[in-house]
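*Asks:* Sharing structure31.cif, mmCIF, C-alpha atoms:
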data_coords
#
loop_
_atom_site.group_PDB
_atom_site.id
_atom_site.type_symbol
_atom_site.label_atom_id
_atom_site.label_comp_id
_atom_site.auth_asym_id
_atom_site.auth_seq_id
_atom_site.Cartn_x
_atom_site.Cartn_y
_atom_site.Cartn_z
ATOM 1 C CA MET L 696 26.525 13.746 -19.175
ATOM 2 C CA ASP L 697 23.823 14.162 -21.820
ATOM 3 C CA ASP L 698 26.319 13.128 -24.519
ATOM 4 C CA LEU L 699 27.145 9.945 -22.635
ATOM 5 C CA LEU L 700 23.475 9.120 -22.057
ATOM 6 C CA ASN L 701 22.660 9.759 -25.722
ATOM 7 C CA ALA L 702 25.609 7.594 -26.808
ATOM 8 C CA ILE L 703 24.295 4.739 -24.615
ATOM 9 C CA GLY L 704 20.825 5.118 -26.109
ATOM 10 C CA ASP L 705 22.229 5.215 -29.663
ATOM 11 C CA SER L 706 24.427 2.142 -29.171
ATOM 12 C CA ALA L 707 23.496 -1.164 -30.807
ATOM 13 C CA ILE L 708 22.358 -2.577 -27.459
ATOM 14 C CA GLY L 709 20.377 0.563 -26.616
ATOM 15 C CA ARG L 710 18.557 0.430 -29.946
ATOM 16 C CA LEU L 711 17.846 -3.272 -29.608
ATOM 17 C CA MET L 712 16.407 -2.775 -26.110
ATOM 18 C CA ALA L 713 14.270 0.149 -27.274
ATOM 19 C CA GLU L 714 13.062 -1.230 -30.610
ATOM 20 C CA SER L 715 12.778 -5.004 -30.274
ATOM 21 C CA PRO L 716 9.262 -5.997 -29.176
ATOM 22 C CA THR L 717 10.603 -8.923 -27.119
ATOM 23 C CA ALA L 718 14.014 -7.821 -25.758
ATOM 24 C CA PHE L 719 12.695 -5.497 -23.029
ATOM 25 C CA PRO L 720 10.062 -7.903 -21.609
ATOM 26 C CA TRP L 721 12.512 -10.826 -21.557
ATOM 27 C CA VAL L 722 15.260 -8.824 -19.888
ATOM 28 C CA GLU L 723 12.695 -7.357 -17.475
ATOM 29 C CA SER L 724 11.502 -10.878 -16.574
ATOM 30 C CA ALA L 725 15.097 -11.914 -15.816
ATOM 31 C CA HIS L 726 15.528 -8.692 -13.787
ATOM 32 C CA VAL L 727 12.474 -9.545 -11.657
ATOM 33 C CA VAL L 728 13.695 -13.137 -11.082
ATOM 34 C CA ALA L 729 17.117 -11.783 -10.039
ATOM 35 C CA ILE L 730 15.830 -9.022 -7.778
ATOM 36 C CA VAL L 731 13.275 -11.215 -5.962
ATOM 37 C CA THR L 732 16.099 -13.713 -5.331
ATOM 38 C CA VAL L 733 18.337 -10.991 -3.882
ATOM 39 C CA ILE L 734 15.565 -9.560 -1.693
ATOM 40 C CA GLY L 735 14.220 -12.918 -0.513
ATOM 41 C CA VAL L 736 17.563 -14.557 0.259
ATOM 42 C CA ILE L 737 18.869 -11.463 2.065
ATOM 43 C CA ALA L 738 15.595 -11.378 4.046
ATOM 44 C CA ILE L 739 16.322 -14.901 5.351
ATOM 45 C CA VAL L 740 19.586 -13.579 6.835
ATOM 46 C CA ASP L 741 17.926 -10.336 8.038
ATOM 47 C CA LEU L 742 15.217 -12.263 9.893
ATOM 48 C CA ARG L 743 17.917 -14.428 11.473
ATOM 49 C CA LEU L 744 19.733 -11.274 12.630
ATOM 50 C CA LEU L 745 16.489 -9.932 14.066
ATOM 51 C CA GLY L 746 16.107 -13.197 15.989
ATOM 52 C CA VAL L 747 12.743 -13.855 14.337
ATOM 53 C CA ALA L 748 13.567 -17.199 12.686
ATOM 54 C CA GLY L 749 16.237 -19.895 12.449
ATOM 55 C CA ARG L 750 18.019 -19.068 15.708
ATOM 56 C CA ASP L 751 19.696 -22.484 15.804
ATOM 57 C CA TYR L 752 21.513 -21.813 12.503
ATOM 58 C CA ALA L 753 24.857 -20.071 13.115
ATOM 59 C CA ILE L 754 24.757 -16.595 11.526
ATOM 60 C CA SER L 755 28.302 -16.917 10.141
ATOM 61 C CA ARG L 756 27.399 -20.269 8.528
ATOM 62 C CA LEU L 757 24.094 -18.957 7.186
ATOM 63 C CA THR L 758 25.660 -15.896 5.548
ATOM 64 C CA LYS L 759 28.416 -18.088 4.079
ATOM 65 C CA ALA L 760 25.836 -20.561 2.728
ATOM 66 C CA LEU L 761 23.634 -17.912 1.111
ATOM 67 C CA LEU L 762 26.261 -15.400 -0.035
ATOM 68 C CA PRO L 763 27.111 -17.084 -3.403
ATOM 69 C CA THR L 764 23.408 -17.229 -4.388
ATOM 70 C CA THR L 765 22.955 -13.595 -3.376
ATOM 71 C CA TRP L 766 25.979 -12.398 -5.353
ATOM 72 C CA ILE L 767 25.094 -14.377 -8.491
ATOM 73 C CA ALA L 768 21.529 -13.007 -8.358
ATOM 74 C CA PHE L 769 22.822 -9.487 -7.691
ATOM 75 C CA ALA L 770 25.182 -9.702 -10.678
ATOM 76 C CA LEU L 771 22.267 -10.808 -12.879
ATOM 77 C CA ALA L 772 20.070 -8.000 -11.490
ATOM 78 C CA ALA L 773 22.807 -5.422 -12.180
ATOM 79 C CA LEU L 774 23.434 -6.729 -15.701
ATOM 80 C CA THR L 775 19.743 -6.861 -16.645
ATOM 81 C CA GLY L 776 19.151 -3.507 -14.927
ATOM 82 C CA ALA L 777 21.935 -1.964 -17.029
ATOM 83 C CA LEU L 778 20.384 -3.430 -20.191
ATOM 84 C CA LEU L 779 16.961 -1.999 -19.278
ATOM 85 C CA PHE L 780 18.641 1.364 -18.638
ATOM 86 C CA THR L 781 20.068 1.459 -22.184
ATOM 87 C CA SER L 782 16.524 1.442 -23.661
ATOM 88 C CA GLN L 783 15.902 5.062 -22.558
ATOM 89 C CA PRO L 784 18.922 6.343 -20.592
ATOM 90 C CA VAL L 785 17.949 10.027 -20.630
ATOM 91 C CA THR L 786 14.462 9.299 -19.251
ATOM 92 C CA TYR L 787 15.725 6.935 -16.544
ATOM 93 C CA PHE L 788 18.552 9.230 -15.459
ATOM 94 C CA ALA L 789 16.084 12.089 -14.954
ATOM 95 C CA ASN L 790 13.574 9.883 -13.102
ATOM 96 C CA THR L 791 13.380 10.570 -9.344
ATOM 97 C CA ALA L 792 12.408 6.992 -8.434
ATOM 98 C CA PHE L 793 15.384 5.688 -10.440
ATOM 99 C CA ARG L 794 17.793 8.027 -8.646
ATOM 100 C CA LEU L 795 16.321 7.065 -5.290
ATOM 101 C CA LYS L 796 16.696 3.374 -6.189
ATOM 102 C CA VAL L 797 20.399 3.835 -7.010
ATOM 103 C CA ALA L 798 20.925 5.762 -3.741
ATOM 104 C CA LEU L 799 19.168 2.966 -1.809
ATOM 105 C CA LEU L 800 21.361 0.343 -3.506
ATOM 106 C CA LEU L 801 24.426 2.258 -2.312
ATOM 107 C CA ALA L 802 22.914 2.454 1.191
ATOM 108 C CA ALA L 803 22.293 -1.322 1.169
ATOM 109 C CA GLY L 804 25.918 -1.919 0.124
ATOM 110 C CA LEU L 805 27.216 0.404 2.858
ATOM 111 C CA ASN L 806 25.021 -1.252 5.497
ATOM 112 C CA MET L 807 26.297 -4.686 4.457
ATOM 113 C CA ALA L 808 29.946 -3.545 4.400
ATOM 114 C CA LEU L 809 29.672 -1.986 7.883
ATOM 115 C CA PHE L 810 28.057 -5.169 9.191
ATOM 116 C CA HIS L 811 30.776 -7.421 7.790
ATOM 117 C CA VAL L 812 33.718 -5.194 8.754
ATOM 118 C CA PHE L 813 32.632 -4.036 12.240
ATOM 119 C CA THR L 814 29.599 -5.879 13.659
ATOM 120 C CA MET L 815 30.738 -9.383 12.690
ATOM 121 C CA ARG L 816 34.057 -8.986 14.561
ATOM 122 C CA GLY L 817 32.643 -10.309 17.822
ATOM 123 C CA ILE L 818 30.298 -12.829 16.233
ATOM 124 C CA THR L 819 31.652 -15.841 18.133
ATOM 125 C CA LEU L 820 29.777 -14.550 21.201
ATOM 126 C CA TRP L 821 26.357 -14.491 19.498
ATOM 127 C CA ASP L 822 26.718 -16.686 16.428
ATOM 128 C CA ARG L 823 24.213 -19.337 17.527
ATOM 129 C CA ASP L 824 21.497 -19.858 20.180
ATOM 130 C CA ALA L 825 22.330 -16.500 21.777
ATOM 131 C CA PRO L 826 20.718 -13.031 21.766
ATOM 132 C CA VAL L 827 21.877 -10.970 18.793
ATOM 133 C CA PRO L 828 23.388 -7.559 19.788
ATOM 134 C CA PRO L 829 21.480 -4.369 18.903
ATOM 135 C CA SER L 830 24.033 -3.346 16.236
ATOM 136 C CA ALA L 831 23.390 -6.561 14.285
ATOM 137 C CA ARG L 832 19.622 -6.274 14.765
ATOM 138 C CA ILE L 833 19.710 -2.712 13.454
ATOM 139 C CA ALA L 834 21.736 -3.882 10.420
ATOM 140 C CA GLY L 835 19.109 -6.578 9.737
ATOM 141 C CA ALA L 836 16.158 -4.203 10.129
ATOM 142 C CA LEU L 837 17.823 -1.541 7.953
ATOM 143 C CA SER L 838 18.590 -4.113 5.277
ATOM 144 C CA LEU L 839 14.967 -5.340 5.219
ATOM 145 C CA LEU L 840 13.648 -1.784 4.993
ATOM 146 C CA ILE L 841 16.102 -0.709 2.286
ATOM 147 C CA TRP L 842 15.371 -3.724 0.062
ATOM 148 C CA VAL L 843 11.614 -3.271 0.419
ATOM 149 C CA LEU L 844 12.053 0.363 -0.666
ATOM 150 C CA ILE L 845 14.273 -0.736 -3.580
ATOM 151 C CA ALA L 846 11.480 -3.033 -4.815
ATOM 152 C CA GLY L 847 8.986 -0.165 -4.471
ATOM 153 C CA CYS L 848 11.230 2.269 -6.353
ATOM 154 C CA GLY L 849 11.832 -0.335 -9.078
ATOM 155 C CA ARG L 850 8.100 -0.717 -9.654
ATOM 156 C CA TRP L 851 7.644 3.053 -9.513
ATOM 157 C CA VAL L 852 10.356 3.518 -12.160
ATOM 158 C CA GLY L 853 8.468 1.127 -14.451
ATOM 159 C CA PHE L 854 5.183 2.847 -13.698
ATOM 160 C CA THR L 855 6.444 6.363 -14.418
ATOM 161 C CA THR L 856 8.629 5.669 -17.457
ATOM 162 C CA ALA L 857 6.599 3.150 -19.474
ATOM 163 C CA PRO L 858 2.878 2.790 -20.182
ATOM 164 C CA PHE L 859 2.703 -0.672 -18.563
ATOM 165 C CA MET J 1133 -18.582 -20.854 -22.904
ATOM 166 C CA ALA J 1134 -15.676 -20.270 -20.506
ATOM 167 C CA GLN J 1135 -14.796 -17.100 -22.391
ATOM 168 C CA GLN J 1136 -18.393 -15.849 -22.030
ATOM 169 C CA LEU J 1137 -18.330 -16.540 -18.300
ATOM 170 C CA LEU J 1138 -15.046 -14.668 -17.944
ATOM 171 C CA SER J 1139 -16.403 -11.727 -19.983
ATOM 172 C CA GLY J 1140 -19.429 -11.639 -17.673
ATOM 173 C CA LEU J 1141 -17.110 -11.678 -14.649
ATOM 174 C CA VAL J 1142 -15.073 -8.795 -16.113
ATOM 175 C CA SER J 1143 -18.261 -6.742 -16.664
ATOM 176 C CA TRP J 1144 -19.393 -7.406 -13.084
ATOM 177 C CA ILE J 1145 -15.983 -6.482 -11.593
ATOM 178 C CA GLU J 1146 -16.078 -3.217 -13.532
ATOM 179 C CA THR J 1147 -19.222 -2.228 -11.626
ATOM 180 C CA LEU J 1148 -17.475 -2.599 -8.234
ATOM 181 C CA ARG J 1149 -16.509 0.462 -6.242
ATOM 182 C CA LEU J 1150 -13.087 -1.097 -5.517
ATOM 183 C CA HIS J 1151 -12.452 -1.284 -9.270
ATOM 184 C CA GLY J 1152 -13.094 2.458 -9.525
ATOM 185 C CA THR J 1153 -10.757 3.119 -6.601
ATOM 186 C CA MET J 1154 -7.938 1.033 -8.117
ATOM 187 C CA GLN J 1155 -8.386 2.912 -11.387
ATOM 188 C CA SER J 1156 -8.585 6.433 -9.976
ATOM 189 C CA VAL J 1157 -5.972 6.368 -7.191
ATOM 190 C CA GLU J 1158 -2.707 6.918 -9.045
ATOM 191 C CA TRP J 1159 -0.434 5.043 -6.606
ATOM 192 C CA ALA J 1160 -2.777 2.093 -5.939
ATOM 193 C CA VAL J 1161 -1.594 -0.196 -8.778
ATOM 194 C CA PRO J 1162 2.199 0.286 -8.289
ATOM 195 C CA LEU J 1163 1.795 -0.077 -4.502
ATOM 196 C CA VAL J 1164 -0.123 -3.355 -4.831
ATOM 197 C CA GLN J 1165 2.331 -4.538 -7.517
ATOM 198 C CA THR J 1166 5.219 -3.843 -5.108
ATOM 199 C CA ILE J 1167 3.519 -5.903 -2.385
ATOM 200 C CA HIS J 1168 2.916 -8.648 -4.989
ATOM 201 C CA ILE J 1169 6.629 -8.643 -5.932
ATOM 202 C CA LEU J 1170 7.735 -8.768 -2.271
ATOM 203 C CA ALA J 1171 5.469 -11.786 -1.731
ATOM 204 C CA ILE J 1172 7.020 -13.424 -4.808
ATOM 205 C CA ALA J 1173 10.447 -12.692 -3.295
ATOM 206 C CA ALA J 1174 9.432 -14.658 -0.170
ATOM 207 C CA VAL J 1175 7.997 -17.611 -2.083
ATOM 208 C CA PHE J 1176 10.630 -17.816 -4.842
ATOM 209 C CA SER J 1177 13.708 -17.390 -2.642
ATOM 210 C CA SER J 1178 12.339 -19.975 -0.204
ATOM 211 C CA SER J 1179 11.852 -22.460 -3.048
ATOM 212 C CA LEU J 1180 15.339 -21.699 -4.377
ATOM 213 C CA VAL J 1181 17.039 -22.138 -0.997
ATOM 214 C CA LEU J 1182 15.122 -25.384 -0.465
ATOM 215 C CA ALA J 1183 16.174 -26.597 -3.932
ATOM 216 C CA LEU J 1184 19.834 -25.720 -3.283
ATOM 217 C CA ARG J 1185 19.733 -27.628 0.016
ATOM 218 C CA THR J 1186 17.967 -30.592 -1.588
ATOM 219 C CA ALA J 1187 20.719 -30.669 -4.223
ATOM 220 C CA HIS J 1188 23.284 -30.579 -1.350
ATOM 221 C CA ILE J 1189 24.771 -27.324 -2.688
ATOM 222 C CA SER J 1190 24.239 -24.975 0.274
ATOM 223 C CA GLY J 1191 22.668 -24.679 3.716
ATOM 224 C CA ILE J 1192 23.810 -28.163 4.760
ATOM 225 C CA ASP J 1193 23.879 -27.348 8.496
ATOM 226 C CA TRP J 1194 20.153 -28.124 8.418
ATOM 227 C CA THR J 1195 18.441 -31.153 6.885
ATOM 228 C CA PRO J 1196 16.128 -30.509 3.904
ATOM 229 C CA ALA J 1197 13.170 -31.254 6.225
ATOM 230 C CA ARG J 1198 14.390 -28.636 8.739
ATOM 231 C CA TRP J 1199 14.710 -26.076 5.939
ATOM 232 C CA GLY J 1200 11.211 -26.988 4.788
ATOM 233 C CA GLN J 1201 9.925 -26.475 8.332
ATOM 234 C CA ARG J 1202 11.680 -23.069 8.549
ATOM 235 C CA LEU J 1203 10.410 -21.859 5.163
ATOM 236 C CA ASN J 1204 6.876 -23.317 5.139
ATOM 237 C CA ALA J 1205 5.331 -20.430 7.073
ATOM 238 C CA TRP J 1206 7.253 -17.952 4.928
ATOM 239 C CA VAL J 1207 5.860 -19.573 1.758
ATOM 240 C CA GLY J 1208 2.361 -19.808 3.291
ATOM 241 C CA VAL J 1209 2.240 -16.118 4.209
ATOM 242 C CA GLY J 1210 3.766 -15.240 0.832
ATOM 243 C CA LEU J 1211 1.084 -17.213 -1.015
ATOM 244 C CA VAL J 1212 -1.752 -15.563 0.924
ATOM 245 C CA VAL J 1213 -0.322 -12.096 0.188
ATOM 246 C CA LEU J 1214 0.161 -13.096 -3.467
ATOM 247 C CA LEU J 1215 -3.464 -14.198 -3.662
ATOM 248 C CA LEU J 1216 -4.840 -11.039 -2.037
ATOM 249 C CA SER J 1217 -2.628 -8.597 -3.943
ATOM 250 C CA GLY J 1218 -3.224 -10.555 -7.181
ATOM 251 C CA ALA J 1219 -6.997 -10.361 -6.608
ATOM 252 C CA LEU J 1220 -6.720 -6.588 -6.100
ATOM 253 C CA LEU J 1221 -4.743 -6.239 -9.348
ATOM 254 C CA ILE J 1222 -7.414 -8.274 -11.178
ATOM 255 C CA ILE J 1223 -10.149 -6.055 -9.719
ATOM 256 C CA GLY J 1224 -8.165 -3.007 -10.880
ATOM 257 C CA GLU J 1225 -7.757 -4.216 -14.454
ATOM 258 C CA PRO J 1226 -10.007 -7.258 -15.024
ATOM 259 C CA ASP J 1227 -10.011 -7.174 -18.834
ATOM 260 C CA ARG J 1228 -6.208 -7.002 -18.954
ATOM 261 C CA SER J 1229 -5.862 -10.078 -16.747
ATOM 262 C CA LEU J 1230 -8.806 -12.495 -16.845
ATOM 263 C CA LEU J 1231 -9.168 -12.491 -20.637
ATOM 264 C CA ASN J 1232 -5.413 -12.688 -21.210
ATOM 265 C CA THR J 1233 -3.996 -16.066 -22.338
ATOM 266 C CA ILE J 1234 -0.718 -15.423 -20.524
ATOM 267 C CA PHE J 1235 -2.612 -14.769 -17.281
ATOM 268 C CA GLN J 1236 -4.512 -18.032 -17.720
ATOM 269 C CA THR J 1237 -1.198 -19.844 -18.342
ATOM 270 C CA LYS J 1238 0.202 -18.224 -15.207
ATOM 271 C CA MET J 1239 -2.691 -19.546 -13.113
ATOM 272 C CA ALA J 1240 -2.240 -23.076 -14.522
ATOM 273 C CA LEU J 1241 1.503 -22.939 -13.721
ATOM 274 C CA LEU J 1242 0.652 -21.682 -10.219
ATOM 275 C CA LEU J 1243 -1.529 -24.730 -9.569
ATOM 276 C CA GLY J 1244 1.348 -26.905 -10.791
ATOM 277 C CA ALA J 1245 3.835 -25.133 -8.493
ATOM 278 C CA LEU J 1246 1.536 -25.559 -5.483
ATOM 279 C CA ALA J 1247 1.146 -29.282 -6.189
ATOM 280 C CA VAL J 1248 4.929 -29.738 -6.546
ATOM 281 C CA PHE J 1249 5.554 -27.722 -3.344
ATOM 282 C CA VAL J 1250 3.166 -29.880 -1.295
ATOM 283 C CA LEU J 1251 4.526 -33.123 -2.784
ATOM 284 C CA LEU J 1252 8.146 -32.067 -2.209
ATOM 285 C CA GLY J 1253 7.411 -31.064 1.417
ATOM 286 C CA ARG J 1254 5.881 -34.480 2.121
ATOM 287 C CA ARG J 1255 8.801 -36.353 0.569
ATOM 288 C CA LEU J 1256 11.412 -34.262 2.404
ATOM 289 C CA ARG J 1257 9.793 -35.017 5.766
ATOM 290 C CA ARG J 1258 10.076 -38.769 5.094
ATOM 291 C CA LEU J 1259 13.733 -38.788 3.978
ATOM 292 C CA ASP J 1260 15.871 -41.620 5.308
ATOM 293 C CA PRO J 1261 18.701 -40.811 5.931
ATOM 294 C CA PRO J 1262 17.269 -37.376 6.761
ATOM 295 C CA ASP J 1263 20.070 -35.280 5.253
ATOM 296 C CA ARG J 1264 20.225 -36.931 1.822
ATOM 297 C CA ALA J 1265 17.646 -36.266 -0.876
ATOM 298 C CA THR J 1266 17.142 -38.731 -3.709
ATOM 299 C CA HIS J 1267 17.142 -37.864 -7.409
ATOM 300 C CA ALA J 1268 13.339 -37.648 -7.301
ATOM 301 C CA GLU J 1269 13.347 -34.911 -4.628
ATOM 302 C CA ARG J 1270 16.141 -33.043 -6.396
ATOM 303 C CA ALA J 1271 14.188 -33.145 -9.648
ATOM 304 C CA LEU J 1272 11.002 -31.966 -7.899
ATOM 305 C CA ALA J 1273 12.876 -29.086 -6.231
ATOM 306 C CA ALA J 1274 14.437 -28.028 -9.546
ATOM 307 C CA LEU J 1275 11.022 -28.246 -11.224
ATOM 308 C CA LEU J 1276 9.540 -26.033 -8.502
ATOM 309 C CA VAL J 1277 12.168 -23.329 -9.158
ATOM 310 C CA LEU J 1278 11.608 -23.551 -12.936
ATOM 311 C CA LEU J 1279 7.830 -23.277 -12.467
ATOM 312 C CA TRP J 1280 8.260 -20.121 -10.356
ATOM 313 C CA ILE J 1281 10.585 -18.605 -12.980
ATOM 314 C CA ALA J 1282 7.942 -19.301 -15.655
ATOM 315 C CA ILE J 1283 5.230 -17.798 -13.398
ATOM 316 C CA ILE J 1284 7.302 -14.642 -12.833
ATOM 317 C CA ALA J 1285 7.985 -14.319 -16.571
ATOM 318 C CA CYS J 1286 4.256 -14.736 -17.320
ATOM 319 C CA GLY J 1287 3.493 -12.039 -14.745
ATOM 320 C CA ARG J 1288 5.747 -9.604 -16.550
ATOM 321 C CA TRP J 1289 4.522 -10.576 -20.015
ATOM 322 C CA ILE J 1290 0.859 -9.942 -19.057
ATOM 323 C CA ALA J 1291 1.740 -6.249 -19.295
ATOM 324 C CA TYR J 1292 2.848 -6.596 -22.915
ATOM 325 C CA ALA J 1293 0.195 -8.973 -24.261
#
What would you get if you wrote out this structure as structure tokens?

*Replies:*
Amino acid sequence: MDDLLNAIGDSAIGRLMAESPTAFPWVESAHVVAIVTVIGVIAIVDLRLLGVAGRDYAISRLTKALLPTTWIAFALAALTGALLFTSQPVTYFANTAFRLKVALLLAAGLNMALFHVFTMRGITLWDRDAPVPPSARIAGALSLLIWVLIAGCGRWVGFTTAPF
Amino acid sequence: MAQQLLSGLVSWIETLRLHGTMQSVEWAVPLVQTIHILAIAAVFSSSLVLALRTAHISGIDWTPARWGQRLNAWVGVGLVVLLLSGALLIIGEPDRSLLNTIFQTKMALLLGALAVFVLLGRRLRRLDPPDRATHAERALAALLVLLWIAIIACGRWIAYA
């Protein structure tokens, strides 16, 4: 594993990210734009699932409307995150907050997959202007919590691995 | 003159007990930064969704005005949290923020974004027909998103200036 991490750090991209005075801040800025988009747009759906806001917008239509934006932003967040990782792969890989962030990302993905595969099956009964079942509310609450923690871990990674 | 005033403000903030707390409690700055980022998530994603609806790209089940109505409170709360958490970050590190050109640029852009947001909201409420935005509203919505992107970038660059 160490060999792989060192190879990433020694690659042309890894060196550029570590040595250029502007590459890291620019990529980090794009990472923040992408991640706040993912968190904020997903929160609009989560709040709808919790029945807090927008109850007259059909959940199936809302998720369909916001999914492309979420995926594009997520792809940008993953790409920029990977670039940031190449600047000091050994340090990041050993960082507890980084590991927790990756685990939380997997948990968010699992929560979303379970919601789409199982919970959304009976959506016609509660798609619009109807009480949302507990399983969907739990999915929304979990999603909100996980993404808040992901933001916290992201900031903690920056705080513990760089002097900024 | 302005620089002298700001330097005086920095010196005064550094005498505050809250400044000492922000400096000495290890988790205070990252915690407040996280809250700041979550508030940005609320404000930026709301602006983006509104812009996408104004451009007739997504969320067309609601009119732009209905989206504005849904997201206004979200943006309002987000802005208040941004202001409070931003003030705490300034109190924690006043010399790094107040005297920083990028921070000053960020504040100017923020005023611009607020003006565009208010103007766009007013225009969206008066749309006729209500589901179709004109080129002017589309341009304002796109400008709002660009201003927020610039504000976010400035926020990150403050750390490197």

*Asks:* Enumerate as a PyMOL selection string the residues belonging to chain L that approach chain J to within 10 Å, with only C-alpha atoms taken into account.

*Replies:* chain L and resi 716-717+719-739+748-749+751-753+756-764+842-855+858-859

*Asks:* In terms of the shortest atom-to-atom distance over all atoms listed in the file, which of J:Ala1245, J:Ala1265, J:Leu1275, J:Leu1230 is closest to J:Gly1140?

*Replies:*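 Of J:Ala1245, J:Ala1265, J:Leu1275, J:Leu1230, the one nearest J:Gly1140, counting all atoms listed in the file, is J:Leu1230.
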
*Asks:* For stretch 700-702 of chain L, find every residue with an atom within 7 Å (counting only C-alpha atoms), except residues of its own chain fewer than 4 positions away, and show them as a list in words.

*Replies:*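 Contacts, in chain order: Met696, Ser706, Pro784 and Val785 of chain L.
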
*Asks:* Between L:Ile708, L:Ala834, L:Leu820, L:Ala825, single out the one closest to L:Gly804, counting all atoms listed in the file.

*Replies:*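 Smallest distance to L:Gly804 is found for L:Ala834.
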
*Asks:* In Å, how far is it from atom CA of J:Val1212 to atom CA of J:Gly1152?

*Replies:* 23.7 Å

*Asks:* Applying 10 Å and all atoms listed in the file, which residues near stretch 1257-1260 of chain J remain after dropping the ones on its own chain fewer than 4 positions away? List them as a PyMOL selection string.

*Replies:* chain J and resi 1195-1198+1200-1201+1252-1253+1264-1266+1269

*Asks:* Skipping near chain neighbours, those fewer than 6 positions away, what residues fall within 12 Å of L:Leu805 using only C-alpha atoms, listed as a PyMOL selection string?

*Replies:* chain L and resi 798-799+811-813+834+837-838+841

*Asks:* Would you put the residues from that selection into a file with C-alpha atoms, as an mmCIF file, in the frame of the given file?

*Replies:*
data_model
loop_
_atom_site.group_PDB
_atom_site.id
_atom_site.type_symbol
_atom_site.label_atom_id
_atom_site.label_comp_id
_atom_site.auth_asym_id
_atom_site.auth_seq_id
_atom_site.Cartn_x
_atom_site.Cartn_y
_atom_site.Cartn_z
ATOM 1 C CA ALA L 798 20.925 5.762 -3.741
ATOM 2 C CA LEU L 799 19.168 2.966 -1.809
ATOM 3 C CA HIS L 811 30.776 -7.421 7.790
ATOM 4 C CA VAL L 812 33.718 -5.194 8.754
ATOM 5 C CA PHE L 813 32.632 -4.036 12.240
ATOM 6 C CA ALA L 834 21.736 -3.882 10.420
ATOM 7 C CA LEU L 837 17.823 -1.541 7.953
ATOM 8 C CA SER L 838 18.590 -4.113 5.277
ATOM 9 C CA ILE L 841 16.102 -0.709 2.286
#

*Asks:* Figure out the distance between atom CA of L:Gly776 and atom CA of L:Phe788, please, to one decimal in Å.

*Replies:*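 Separation between atom CA of L:Phe788 and atom CA of L:Gly776: 12.8 Å.
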
*Asks:* Kindly indicate which residue among L:Ile818, L:Arg832, L:Leu774, L:Thr856 lies nearest to L:Thr791, using all atoms listed in the file for the distances.

*Replies:*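 Selected residue with least distance to L:Thr791: L:Thr856.
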
*Asks:* How many Å lie between atom CA of J:Gly1244 and atom CA of J:Val1213, rounded to one decimal?

*Replies:*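 Interatomic distance here is 18.5 Å.
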